[in-house]
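Below: work-v1.cif (mmCIF, C-alpha atoms and all ligand atoms)
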```cif
data_structure
#
loop_
_atom_site.label_atom_id
_atom_site.label_comp_id
_atom_site.auth_asym_id
_atom_site.auth_seq_id
_atom_site.Cartn_x
_atom_site.Cartn_y
_atom_site.Cartn_z
CA MET A 148 -4.15 -14.38 17.73
CA VAL A 149 -2.67 -10.92 17.53
CA ARG A 150 -5.20 -8.17 17.22
CA ALA A 151 -4.67 -4.85 15.51
CA GLN A 152 -5.13 -1.63 17.40
CA ALA A 153 -8.09 0.53 16.54
CA ALA A 154 -7.02 3.42 14.35
CA GLY A 155 -7.63 6.90 15.62
CA ARG A 156 -10.44 8.98 14.32
CA SER A 157 -8.85 12.37 14.41
CA SER A 158 -8.67 14.32 11.20
CA GLY A 159 -5.56 14.55 9.12
CA GLY A 160 -4.94 16.66 6.04
CA GLY A 161 -7.18 16.16 3.03
CA GLY A 162 -10.18 14.01 2.36
CA GLY A 163 -12.04 14.71 5.62
CA THR A 164 -11.63 12.60 8.73
CA ALA A 165 -10.41 9.04 9.13
CA ALA A 166 -13.99 8.03 9.95
CA GLU A 167 -15.18 9.62 6.71
CA ALA A 168 -12.47 7.78 4.78
CA ALA A 169 -13.39 4.48 6.45
CA ALA A 170 -17.06 5.13 5.64
CA LEU A 171 -16.22 5.14 1.93
CA PHE A 172 -15.83 1.39 1.81
CA THR A 173 -17.37 -1.82 3.08
CA ILE A 174 -15.25 -4.88 3.79
CA ARG A 175 -16.08 -8.46 3.21
CA GLU A 176 -14.14 -11.70 3.12
CA ALA A 177 -14.07 -13.38 -0.29
CA GLY A 178 -16.67 -16.15 -0.16
CA PRO A 179 -17.40 -19.11 -2.43
CA HIS A 180 -19.25 -16.89 -4.92
CA GLN A 181 -17.88 -14.02 -6.95
CA PRO A 182 -19.28 -10.68 -5.78
CA ASP A 183 -21.93 -9.14 -7.98
CA ALA A 184 -20.10 -6.93 -10.48
CA GLY A 185 -23.10 -4.59 -10.50
CA GLN A 186 -21.94 -3.29 -7.15
CA ASP A 187 -18.66 -1.98 -8.44
CA PRO A 188 -16.07 -0.65 -7.96
CA ILE A 189 -14.80 -3.68 -6.12
CA LEU A 190 -11.22 -3.77 -4.91
CA TYR A 191 -9.74 -7.19 -4.17
CA VAL A 192 -6.95 -7.09 -1.61
CA HIS A 193 -5.11 -8.86 1.10
CA THR A 194 -5.13 -6.26 3.81
CA LEU A 195 -1.42 -6.72 4.67
CA CYS A 196 -0.27 -6.41 1.06
CA PRO A 197 1.64 -3.20 0.26
CA TYR A 198 0.70 -3.38 -3.45
CA ALA A 199 -2.96 -3.64 -2.50
CA GLU A 200 -2.59 -0.71 -0.13
CA ARG A 201 -1.54 1.46 -3.06
CA ALA A 202 -4.84 0.83 -4.85
CA TRP A 203 -6.83 1.17 -1.62
CA LEU A 204 -5.20 4.55 -0.93
CA ALA A 205 -5.87 5.75 -4.48
CA LEU A 206 -9.61 5.04 -4.15
CA LEU A 207 -9.74 6.74 -0.75
CA GLU A 208 -7.82 9.79 -1.95
CA LYS A 209 -10.29 10.07 -4.83
CA GLN A 210 -13.10 9.79 -2.25
CA VAL A 211 -14.79 7.04 -4.25
CA PRO A 212 -17.21 4.71 -2.42
CA PHE A 213 -16.24 1.09 -3.06
CA GLN A 214 -16.36 -2.47 -1.82
CA LEU A 215 -13.23 -4.04 -0.42
CA VAL A 216 -12.98 -7.81 -0.71
CA HIS A 217 -10.25 -9.48 1.36
CA VAL A 218 -8.94 -12.58 -0.41
CA ASP A 219 -7.36 -15.39 1.60
CA LEU A 220 -4.36 -15.90 -0.66
CA SER A 221 -3.60 -19.32 0.77
CA ASN A 222 -7.03 -20.54 -0.22
CA LYS A 223 -8.15 -18.45 -3.18
CA PRO A 224 -11.71 -19.05 -4.27
CA ALA A 225 -11.85 -20.59 -7.76
CA TRP A 226 -13.64 -17.54 -9.18
CA PHE A 227 -10.74 -15.27 -8.25
CA ARG A 228 -8.78 -16.59 -11.26
CA ARG A 229 -11.54 -15.15 -13.44
CA VAL A 230 -10.88 -11.75 -11.87
CA ASN A 231 -7.09 -11.99 -12.15
CA PRO A 232 -5.77 -15.05 -13.97
CA ARG A 233 -2.41 -14.51 -12.23
CA GLY A 234 -4.17 -14.88 -8.88
CA LEU A 235 -2.61 -11.73 -7.46
CA VAL A 236 -4.08 -8.90 -5.45
CA PRO A 237 -4.79 -6.09 -5.93
CA ALA A 238 -7.40 -6.18 -8.70
CA VAL A 239 -10.17 -3.71 -9.26
CA GLN A 240 -13.44 -4.37 -11.04
CA HIS A 241 -15.32 -1.41 -12.49
CA GLY A 242 -17.66 -0.82 -15.41
CA GLY A 243 -17.24 -4.31 -16.84
CA GLN A 244 -13.45 -4.06 -16.75
CA VAL A 245 -10.87 -5.58 -14.45
CA GLN A 246 -7.60 -3.80 -13.83
CA VAL A 247 -4.60 -5.49 -12.28
CA GLU A 248 -1.10 -4.32 -11.27
CA SER A 249 -1.14 -1.81 -8.47
CA ALA A 250 0.48 1.11 -10.32
CA ASP A 251 -1.85 0.66 -13.30
CA ILE A 252 -4.86 0.44 -10.98
CA CYS A 253 -3.91 3.75 -9.34
CA ARG A 254 -3.72 5.45 -12.74
CA PHE A 255 -6.99 3.83 -13.84
CA VAL A 256 -8.71 5.02 -10.66
CA ASP A 257 -7.39 8.54 -11.17
CA ASP A 258 -8.77 8.67 -14.71
CA ALA A 259 -12.03 6.81 -14.11
CA PHE A 260 -13.36 8.84 -11.20
CA PRO A 261 -13.86 12.50 -10.42
CA GLY A 262 -12.25 13.85 -7.28
CA PRO A 263 -8.82 15.22 -6.44
CA ARG A 264 -6.32 14.49 -9.20
CA LEU A 265 -3.46 12.17 -8.27
CA VAL A 266 -1.42 13.45 -11.22
CA PRO A 267 -0.65 17.20 -10.95
CA ASP A 268 -2.37 19.43 -13.53
CA ASP A 269 0.86 21.36 -13.94
CA SER A 270 2.73 19.58 -16.76
CA GLN A 271 6.18 20.25 -15.31
CA LEU A 272 5.15 18.82 -11.95
CA ALA A 273 3.51 15.87 -13.69
CA GLN A 274 6.78 15.20 -15.52
CA GLU A 275 8.72 15.44 -12.27
CA MET A 276 6.29 13.01 -10.71
CA GLU A 277 6.90 10.49 -13.50
CA GLN A 278 10.66 10.86 -12.97
CA LEU A 279 10.22 10.25 -9.25
CA ILE A 280 8.11 7.16 -9.92
CA ARG A 281 10.59 5.72 -12.40
CA GLY A 282 13.57 6.78 -10.29
CA PRO A 283 13.74 6.94 -6.51
CA CYS A 284 10.21 5.68 -5.75
CA GLY A 285 10.83 2.43 -7.62
CA GLY A 286 14.45 2.46 -6.45
CA ALA A 287 13.50 2.83 -2.78
CA VAL A 288 11.05 -0.06 -3.09
CA SER A 289 13.58 -2.47 -4.59
CA ALA A 290 16.52 -1.34 -2.44
CA GLY A 291 14.30 -1.52 0.67
CA LEU A 292 13.14 -5.01 -0.26
CA ASP A 293 16.77 -6.02 -0.69
CA LEU A 294 17.57 -4.62 2.72
CA CYS A 295 14.67 -6.45 4.36
CA ALA A 296 14.99 -9.78 2.65
CA GLY A 297 18.24 -9.80 0.74
CA ARG A 298 18.76 -9.95 -3.00
CA GLY A 299 17.19 -13.12 -4.31
CA ARG A 300 16.14 -13.84 -0.73
CA HIS A 301 19.58 -15.20 0.07
CA TRP A 302 19.90 -13.16 3.21
CA GLY A 303 17.75 -13.55 6.26
CA ILE A 304 16.33 -10.59 8.07
CA GLY A 305 18.76 -9.45 10.70
CA SER A 306 21.66 -11.32 9.19
CA GLY A 307 23.96 -10.53 6.34
CA GLN A 308 22.72 -7.09 5.37
CA SER A 309 25.70 -5.37 3.99
CA ALA A 310 26.63 -1.76 4.48
CA ARG A 311 26.25 -1.61 0.72
CA GLN A 312 22.56 -2.55 0.91
CA ARG A 313 21.92 0.13 3.51
CA ALA A 314 23.83 2.67 1.43
CA ASP A 315 21.86 1.74 -1.70
CA PHE A 316 18.59 2.19 0.16
CA GLU A 317 19.70 5.46 1.73
CA ALA A 318 20.77 6.82 -1.67
CA GLN A 319 17.20 6.36 -2.92
CA LEU A 320 15.76 7.95 0.22
CA GLU A 321 18.13 10.87 -0.24
CA GLN A 322 16.61 11.53 -3.67
CA LEU A 323 13.14 11.49 -2.15
CA ALA A 324 14.36 13.86 0.57
CA ALA A 325 15.77 16.16 -2.13
CA SER A 326 12.33 16.35 -3.73
CA LEU A 327 10.78 17.15 -0.35
CA ARG A 328 13.32 19.95 0.12
CA ARG A 329 12.83 21.27 -3.41
CA HIS A 330 9.07 21.51 -3.02
CA GLY A 331 8.95 22.42 0.67
CA GLY A 332 6.97 19.29 1.61
CA PRO A 333 5.12 17.92 3.35
CA PHE A 334 4.59 15.61 0.32
CA LEU A 335 7.04 14.70 -2.42
CA LEU A 336 5.79 17.36 -4.80
CA GLY A 337 4.55 19.92 -2.29
CA GLN A 338 1.26 20.52 -0.57
CA GLN A 339 -0.74 17.69 -2.14
CA PRO A 340 0.12 14.01 -2.25
CA THR A 341 0.38 12.56 -5.76
CA LEU A 342 0.69 9.13 -7.30
CA ALA A 343 4.38 9.20 -6.35
CA ASP A 344 3.56 9.41 -2.62
CA ILE A 345 0.88 6.73 -2.93
CA LEU A 346 3.11 4.26 -4.78
CA VAL A 347 6.05 4.48 -2.42
CA TYR A 348 4.38 5.07 0.96
CA PRO A 349 3.10 1.51 1.72
CA PHE A 350 6.63 0.20 1.23
CA VAL A 351 8.58 2.89 3.09
CA LYS A 352 6.09 2.53 5.93
CA ARG A 353 6.87 -1.18 6.12
CA PHE A 354 10.61 -0.54 5.90
CA ALA A 355 10.23 1.82 8.87
CA VAL A 356 8.33 -0.86 10.78
CA ALA A 357 11.11 -3.34 9.93
CA ALA A 358 13.76 -1.25 11.73
CA PRO A 359 14.14 -3.75 14.62
CA LEU A 360 15.00 -6.37 12.00
CA THR A 361 17.09 -4.40 9.54
CA GLY A 362 18.78 -2.07 12.01
CA TYR A 363 17.98 0.84 9.70
CA ASN A 364 15.86 3.57 11.27
CA VAL A 365 14.02 5.12 8.34
CA GLU A 366 12.33 7.73 10.52
CA ALA A 367 15.60 9.09 11.88
CA ALA A 368 17.53 8.82 8.61
CA LEU A 369 18.67 11.91 6.72
CA GLY A 370 17.95 14.28 9.58
CA GLY A 371 14.35 13.06 9.87
CA ALA A 372 13.37 14.19 6.36
CA ILE A 373 11.75 10.86 5.49
CA GLY A 374 10.29 10.57 8.98
CA GLY A 375 8.57 13.94 8.51
CA TRP A 376 7.09 12.81 5.19
CA LEU A 377 5.95 9.50 6.72
CA ALA A 378 4.25 11.41 9.55
CA ALA A 379 2.46 13.65 7.04
CA MET A 380 1.26 10.59 5.13
CA ASP A 381 0.34 8.71 8.33
CA ALA A 382 -1.92 11.62 9.30
CA ARG A 383 -3.96 11.43 6.12
CA PRO A 384 -7.40 9.93 6.60
CA SER A 385 -6.71 7.50 3.76
CA CYS A 386 -3.57 6.17 5.43
CA ARG A 387 -5.29 5.98 8.81
CA ALA A 388 -8.08 3.91 7.27
CA THR A 389 -5.71 1.42 5.60
CA ALA A 390 -3.02 1.21 8.30
CA ALA A 391 -2.16 -2.33 9.30
CA ASP A 392 -0.95 -2.91 12.83
CA SER A 393 2.83 -2.53 13.07
CA GLN A 394 3.22 -5.54 15.35
CA LEU A 395 1.38 -7.73 12.85
CA LEU A 396 3.52 -6.48 10.00
CA LEU A 397 6.65 -7.06 12.05
CA ALA A 398 5.49 -10.55 13.01
CA ALA A 399 4.79 -11.36 9.35
CA LEU A 400 8.19 -10.00 8.33
CA ARG A 401 9.96 -11.98 11.03
CA LYS A 402 8.21 -15.14 9.93
CA HIS A 403 8.37 -14.88 6.16
CA ARG A 404 11.18 -12.42 5.58
CA SER A 405 9.18 -10.98 2.77
CA LEU A 406 6.75 -8.17 2.16
CA ASP A 407 4.73 -9.99 -0.45
CA PHE A 408 3.99 -13.16 1.41
CA PHE A 409 2.06 -13.35 4.64
CA ASP A 410 0.67 -15.93 6.96
CA TYR A 411 -2.43 -15.84 4.88
CA ASP A 412 -4.33 -18.40 6.91
CA THR A 413 -4.00 -16.44 10.09
CA TYR A 414 -5.09 -12.99 9.13
CA THR A 415 -8.54 -11.80 8.24
CA ALA A 416 -9.54 -8.34 7.19
CA CYS A 417 -11.10 -7.44 10.50
CA GLU A 418 -8.35 -8.84 12.66
CA LEU A 419 -6.07 -6.53 10.77
CA HIS A 420 -8.43 -3.61 10.77
CA PRO A 421 -10.84 -3.98 13.70
CA GLN A 422 -11.68 -0.31 13.39
CA ASN A 423 -13.56 -1.38 10.29
CA ALA A 424 -15.30 -4.42 11.80
CA HIS A 425 -18.63 -2.64 11.85
CA LEU A 426 -18.35 -2.27 8.07
CA LEU A 427 -18.00 -5.98 7.46
CA GLN A 428 -20.83 -7.25 5.31
CA GLN A 429 -21.92 -10.80 6.09
N1 LIG A 501 3.18 -6.49 -9.37
C1 LIG A 501 2.00 -6.76 -8.59
C2 LIG A 501 2.40 -7.50 -7.33
C3 LIG A 501 1.21 -7.94 -6.50
C4 LIG A 501 1.57 -9.04 -5.48
O1 LIG A 501 2.68 -9.59 -5.50
N2 LIG A 501 0.62 -9.38 -4.60
C5 LIG A 501 0.83 -10.48 -3.68
C6 LIG A 501 0.38 -10.11 -2.26
S1 LIG A 501 1.34 -8.79 -1.53
C7 LIG A 501 -0.07 -11.64 -4.10
O2 LIG A 501 -1.17 -11.45 -4.56
N3 LIG A 501 0.39 -12.89 -3.89
C8 LIG A 501 -0.43 -14.04 -4.16
C9 LIG A 501 0.30 -15.16 -4.81
O3 LIG A 501 1.50 -14.99 -5.07
O4 LIG A 501 -0.32 -16.18 -5.05
C10 LIG A 501 1.29 -5.43 -8.31
O5 LIG A 501 1.97 -4.40 -8.27
O6 LIG A 501 0.06 -5.42 -8.18
#
```

Let me see the structure of the file written as structure tokens.
Ligand SMILES: N[C@@H](CCC(=O)N[C@@H](CS)C(=O)NCC(=O)O)C(=O)O
Amino acid sequence: MVRAQAAGRSSGGGGGTAAEAAALFTIREAGPHQPDAGQDPILYVHTLCPYAERAWLALLEKQVPFQLVHVDLSNKPAWFRRVNPRGLVPAVQHGGQVQVESADICRFVDDAFPGPRLVPDDSQLAQEMEQLIRGPCGGAVSAGLDLCAGRGRHWGIGSGQSARQRADFEAQLEQLAASLRRHGGPFLLGQQPTLADILVYPFVKRFAVAAPLTGYNVEAALGGAIGGWLAAMDARPSCRATAADSQLLLAALRKHRSLDFFDYDTYTACELHPQNAHLLQQ
């Protein structure tokens, strides 16, 4: 079985060190019984899932202590349908409520907890952020998914990607790069990461990892503008605490040609994130 590398412990920008970020949460595998809701917030994830990583990052950026429950999506416990009737991760349980859909969870987390705001206080910046989310952030996710797996999954990884797909993806990245230039980086809207960075990062990271399969080097594209942003995000304690091993992601992509399906039977939370093994609650 492939093992993930231990994540570094050095500090990045914001939110303390990676160790401090990792100390904010405990991990456990979903068992036969639903976790006690009194111990919320509880975030249900699969630790390879990019949508789940969005919610995980939002909680870490807010510096909220929480429980992380890794759900084996190939063998979901019956109670998980009570948490999310659609059976999807992520889901977050807090204060008697359950929130689903990764983007909605991030907004819920931002409103429900004190801590650094993920939506800028400045109304103009907040508006720009919403435009980024609706525009190139969403656009980069869907164009990148097309590039990795092909529209409607008709293409296989490494075969049939058209120049058009690469151009579509690059056009979205160019808009993100323009925002970086406009605000002077290192994040999409300047010095602090916002919801826009959090929503798009888990995907762009995976598209970068997929370079051996897609032939598109995200890090080198556009004069390294996106690579610089990825490096700034990678250095954040939140991103260091959630980072899945690149080789595992690549292996999953090779096998399933998809970013929202994984070899669920094979991976457990701690194989993916052994740096957090000591946090696993039995
Ligand atoms: N639109 C959802 C997508 C979530 C999603 O597709 N999650 C996948 C894992 S990456 C899942 O739970 N799949 C389980 C299944 O399809 O049964 C969101 O943004 O939260």

Using Å and a single decimal, report how far CA of Ala325 (chain A) sits from CA of Val288 (chain A).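 Interatomic distance, CA of Val288 (chain A) to CA of Ala325 (chain A): 16.9 Å.
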
Name each residue within 9 Å of ligand LIG 501 (chain A), counting all atoms listed in the file, as a PyMOL selection string. chain A and resi 192-199+201-202+218+220-221+223+233-238+247-252+406-409

So that I can check the surroundings of region 356-368 of chain A, please list as a PyMOL selection string every protein, DNA and RNA residue that reaches within 8 Å of it, counting all atoms listed in the file and ignoring chain neighbours fewer than 4 positions away. chain A and resi 294-295+304-305+308+313+317+351-352+372-375+377+393+396-397+400-401

Atomic separation - CA of Pro340 (chain A) relative to CA of Arg281 (chain A), Å: 16.8 Å

Around the point (-14.5, -6.9, 2.2) in the file's coordinates, collect all residues with an atom within 7 Å, using only C-alpha atoms, and return them as a PyMOL selection string. chain A and resi 173-177+214-217+427

Let me know the centre plus edge lengths, in Å and rounded to one decimal, of a box with edges along x, y and z that contains all listed atoms of region 357-367 of chain A and is padded by 3 Å on every side, as AutoDock Vina command-line options.
```
--center_x 14.9 --center_y 1.4 --center_z 11.5 --size_x 13.7 --size_y 21.5 --size_z 12.3
```

Closest to Val211 (chain A) among A:Glu167, A:Asp269, A:Glu275, A:Asp344, using only C-alpha atoms?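 Going through A:Glu167, A:Asp269, A:Glu275, A:Asp344 one by one, the smallest distance to Val211 (chain A) is for A:Glu167.
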
Counting only C-alpha atoms, select every polymer residue within 10 Å of (-17.2, -18.6, -3.4) as defined in the file's coordinates, and provide the selection as a count of residues only. 12

Kindly complete region 192-224 of chain A to N, CA and C atoms; the output should be written as an mmCIF file, keeping the file's coordinate frame.
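This went into part.cif:
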```cif
data_model
loop_
_atom_site.group_PDB
_atom_site.id
_atom_site.type_symbol
_atom_site.label_atom_id
_atom_site.label_comp_id
_atom_site.auth_asym_id
_atom_site.auth_seq_id
_atom_site.Cartn_x
_atom_site.Cartn_y
_atom_site.Cartn_z
ATOM 1 N N VAL A 192 -8.225 -7.331 -2.307
ATOM 2 C CA VAL A 192 -6.950 -7.090 -1.610
ATOM 3 C C VAL A 192 -6.629 -8.259 -0.688
ATOM 4 N N HIS A 193 -5.405 -8.272 -0.202
ATOM 5 C CA HIS A 193 -5.110 -8.860 1.100
ATOM 6 C C HIS A 193 -4.700 -7.661 1.928
ATOM 7 N N THR A 194 -5.265 -7.546 3.122
ATOM 8 C CA THR A 194 -5.130 -6.260 3.810
ATOM 9 C C THR A 194 -3.729 -6.027 4.399
ATOM 10 N N LEU A 195 -2.816 -6.988 4.293
ATOM 11 C CA LEU A 195 -1.420 -6.720 4.670
ATOM 12 C C LEU A 195 -0.554 -6.361 3.469
ATOM 13 N N CYS A 196 -1.083 -6.509 2.278
ATOM 14 C CA CYS A 196 -0.270 -6.410 1.060
ATOM 15 C C CYS A 196 0.026 -4.943 0.708
ATOM 16 N N PRO A 197 1.302 -4.593 0.574
ATOM 17 C CA PRO A 197 1.640 -3.200 0.260
ATOM 18 C C PRO A 197 1.171 -2.777 -1.141
ATOM 19 N N TYR A 198 1.169 -3.723 -2.093
ATOM 20 C CA TYR A 198 0.700 -3.380 -3.450
ATOM 21 C C TYR A 198 -0.793 -3.058 -3.397
ATOM 22 N N ALA A 199 -1.520 -3.877 -2.620
ATOM 23 C CA ALA A 199 -2.960 -3.640 -2.500
ATOM 24 C C ALA A 199 -3.226 -2.312 -1.800
ATOM 25 N N GLU A 200 -2.371 -1.979 -0.842
ATOM 26 C CA GLU A 200 -2.590 -0.710 -0.130
ATOM 27 C C GLU A 200 -2.490 0.477 -1.080
ATOM 28 N N ARG A 201 -1.631 0.371 -2.082
ATOM 29 C CA ARG A 201 -1.540 1.460 -3.060
ATOM 30 C C ARG A 201 -2.914 1.743 -3.683
ATOM 31 N N ALA A 202 -3.554 0.676 -4.158
ATOM 32 C CA ALA A 202 -4.840 0.830 -4.850
ATOM 33 C C ALA A 202 -5.924 1.314 -3.883
ATOM 34 N N TRP A 203 -5.870 0.806 -2.663
ATOM 35 C CA TRP A 203 -6.830 1.170 -1.620
ATOM 36 C C TRP A 203 -6.700 2.673 -1.311
ATOM 37 N N LEU A 204 -5.445 3.127 -1.194
ATOM 38 C CA LEU A 204 -5.200 4.550 -0.930
ATOM 39 C C LEU A 204 -5.706 5.417 -2.083
ATOM 40 N N ALA A 205 -5.464 4.946 -3.320
ATOM 41 C CA ALA A 205 -5.870 5.750 -4.480
ATOM 42 C C ALA A 205 -7.389 5.963 -4.460
ATOM 43 N N LEU A 206 -8.148 4.901 -4.190
ATOM 44 C CA LEU A 206 -9.610 5.040 -4.150
ATOM 45 C C LEU A 206 -10.028 5.985 -3.029
ATOM 46 N N LEU A 207 -9.373 5.867 -1.886
ATOM 47 C CA LEU A 207 -9.740 6.740 -0.750
ATOM 48 C C LEU A 207 -9.383 8.195 -1.038
ATOM 49 N N GLU A 208 -8.208 8.409 -1.634
ATOM 50 C CA GLU A 208 -7.820 9.790 -1.950
ATOM 51 C C GLU A 208 -8.767 10.405 -2.973
ATOM 52 N N LYS A 209 -9.314 9.561 -3.853
ATOM 53 C CA LYS A 209 -10.290 10.070 -4.830
ATOM 54 C C LYS A 209 -11.678 10.224 -4.213
ATOM 55 N N GLN A 210 -11.818 9.713 -2.981
ATOM 56 C CA GLN A 210 -13.100 9.790 -2.250
ATOM 57 C C GLN A 210 -14.217 9.043 -2.994
ATOM 58 N N VAL A 211 -13.839 7.879 -3.506
ATOM 59 C CA VAL A 211 -14.790 7.040 -4.250
ATOM 60 C C VAL A 211 -15.345 5.974 -3.308
ATOM 61 N N PRO A 212 -16.674 5.834 -3.205
ATOM 62 C CA PRO A 212 -17.210 4.710 -2.420
ATOM 63 C C PRO A 212 -16.944 3.385 -3.146
ATOM 64 N N PHE A 213 -16.563 2.369 -2.423
ATOM 65 C CA PHE A 213 -16.240 1.090 -3.060
ATOM 66 C C PHE A 213 -16.393 -0.057 -2.076
ATOM 67 N N GLN A 214 -16.351 -1.266 -2.646
ATOM 68 C CA GLN A 214 -16.360 -2.470 -1.820
ATOM 69 C C GLN A 214 -14.955 -3.040 -1.773
ATOM 70 N N LEU A 215 -14.546 -3.435 -0.580
ATOM 71 C CA LEU A 215 -13.230 -4.040 -0.420
ATOM 72 C C LEU A 215 -13.451 -5.526 -0.127
ATOM 73 N N VAL A 216 -12.841 -6.371 -0.933
ATOM 74 C CA VAL A 216 -12.980 -7.810 -0.710
ATOM 75 C C VAL A 216 -11.607 -8.367 -0.355
ATOM 76 N N HIS A 217 -11.509 -8.920 0.870
ATOM 77 C CA HIS A 217 -10.250 -9.480 1.360
ATOM 78 C C HIS A 217 -10.150 -10.934 0.911
ATOM 79 N N VAL A 218 -9.102 -11.233 0.146
ATOM 80 C CA VAL A 218 -8.940 -12.580 -0.410
ATOM 81 C C VAL A 218 -7.913 -13.346 0.433
ATOM 82 N N ASP A 219 -8.308 -14.509 0.905
ATOM 83 C CA ASP A 219 -7.360 -15.390 1.600
ATOM 84 C C ASP A 219 -6.457 -15.997 0.530
ATOM 85 N N LEU A 220 -5.235 -15.511 0.449
ATOM 86 C CA LEU A 220 -4.360 -15.900 -0.660
ATOM 87 C C LEU A 220 -3.849 -17.326 -0.542
ATOM 88 N N SER A 221 -4.018 -17.922 0.625
ATOM 89 C CA SER A 221 -3.600 -19.320 0.770
ATOM 90 C C SER A 221 -4.709 -20.270 0.337
ATOM 91 N N ASN A 222 -5.884 -19.703 0.125
ATOM 92 C CA ASN A 222 -7.030 -20.540 -0.220
ATOM 93 C C ASN A 222 -7.939 -19.727 -1.123
ATOM 94 N N LYS A 223 -7.395 -19.372 -2.305
ATOM 95 C CA LYS A 223 -8.150 -18.450 -3.180
ATOM 96 C C LYS A 223 -9.397 -19.140 -3.700
ATOM 97 N N PRO A 224 -10.524 -18.443 -3.666
ATOM 98 C CA PRO A 224 -11.710 -19.050 -4.270
ATOM 99 C C PRO A 224 -11.486 -19.223 -5.774
#
```
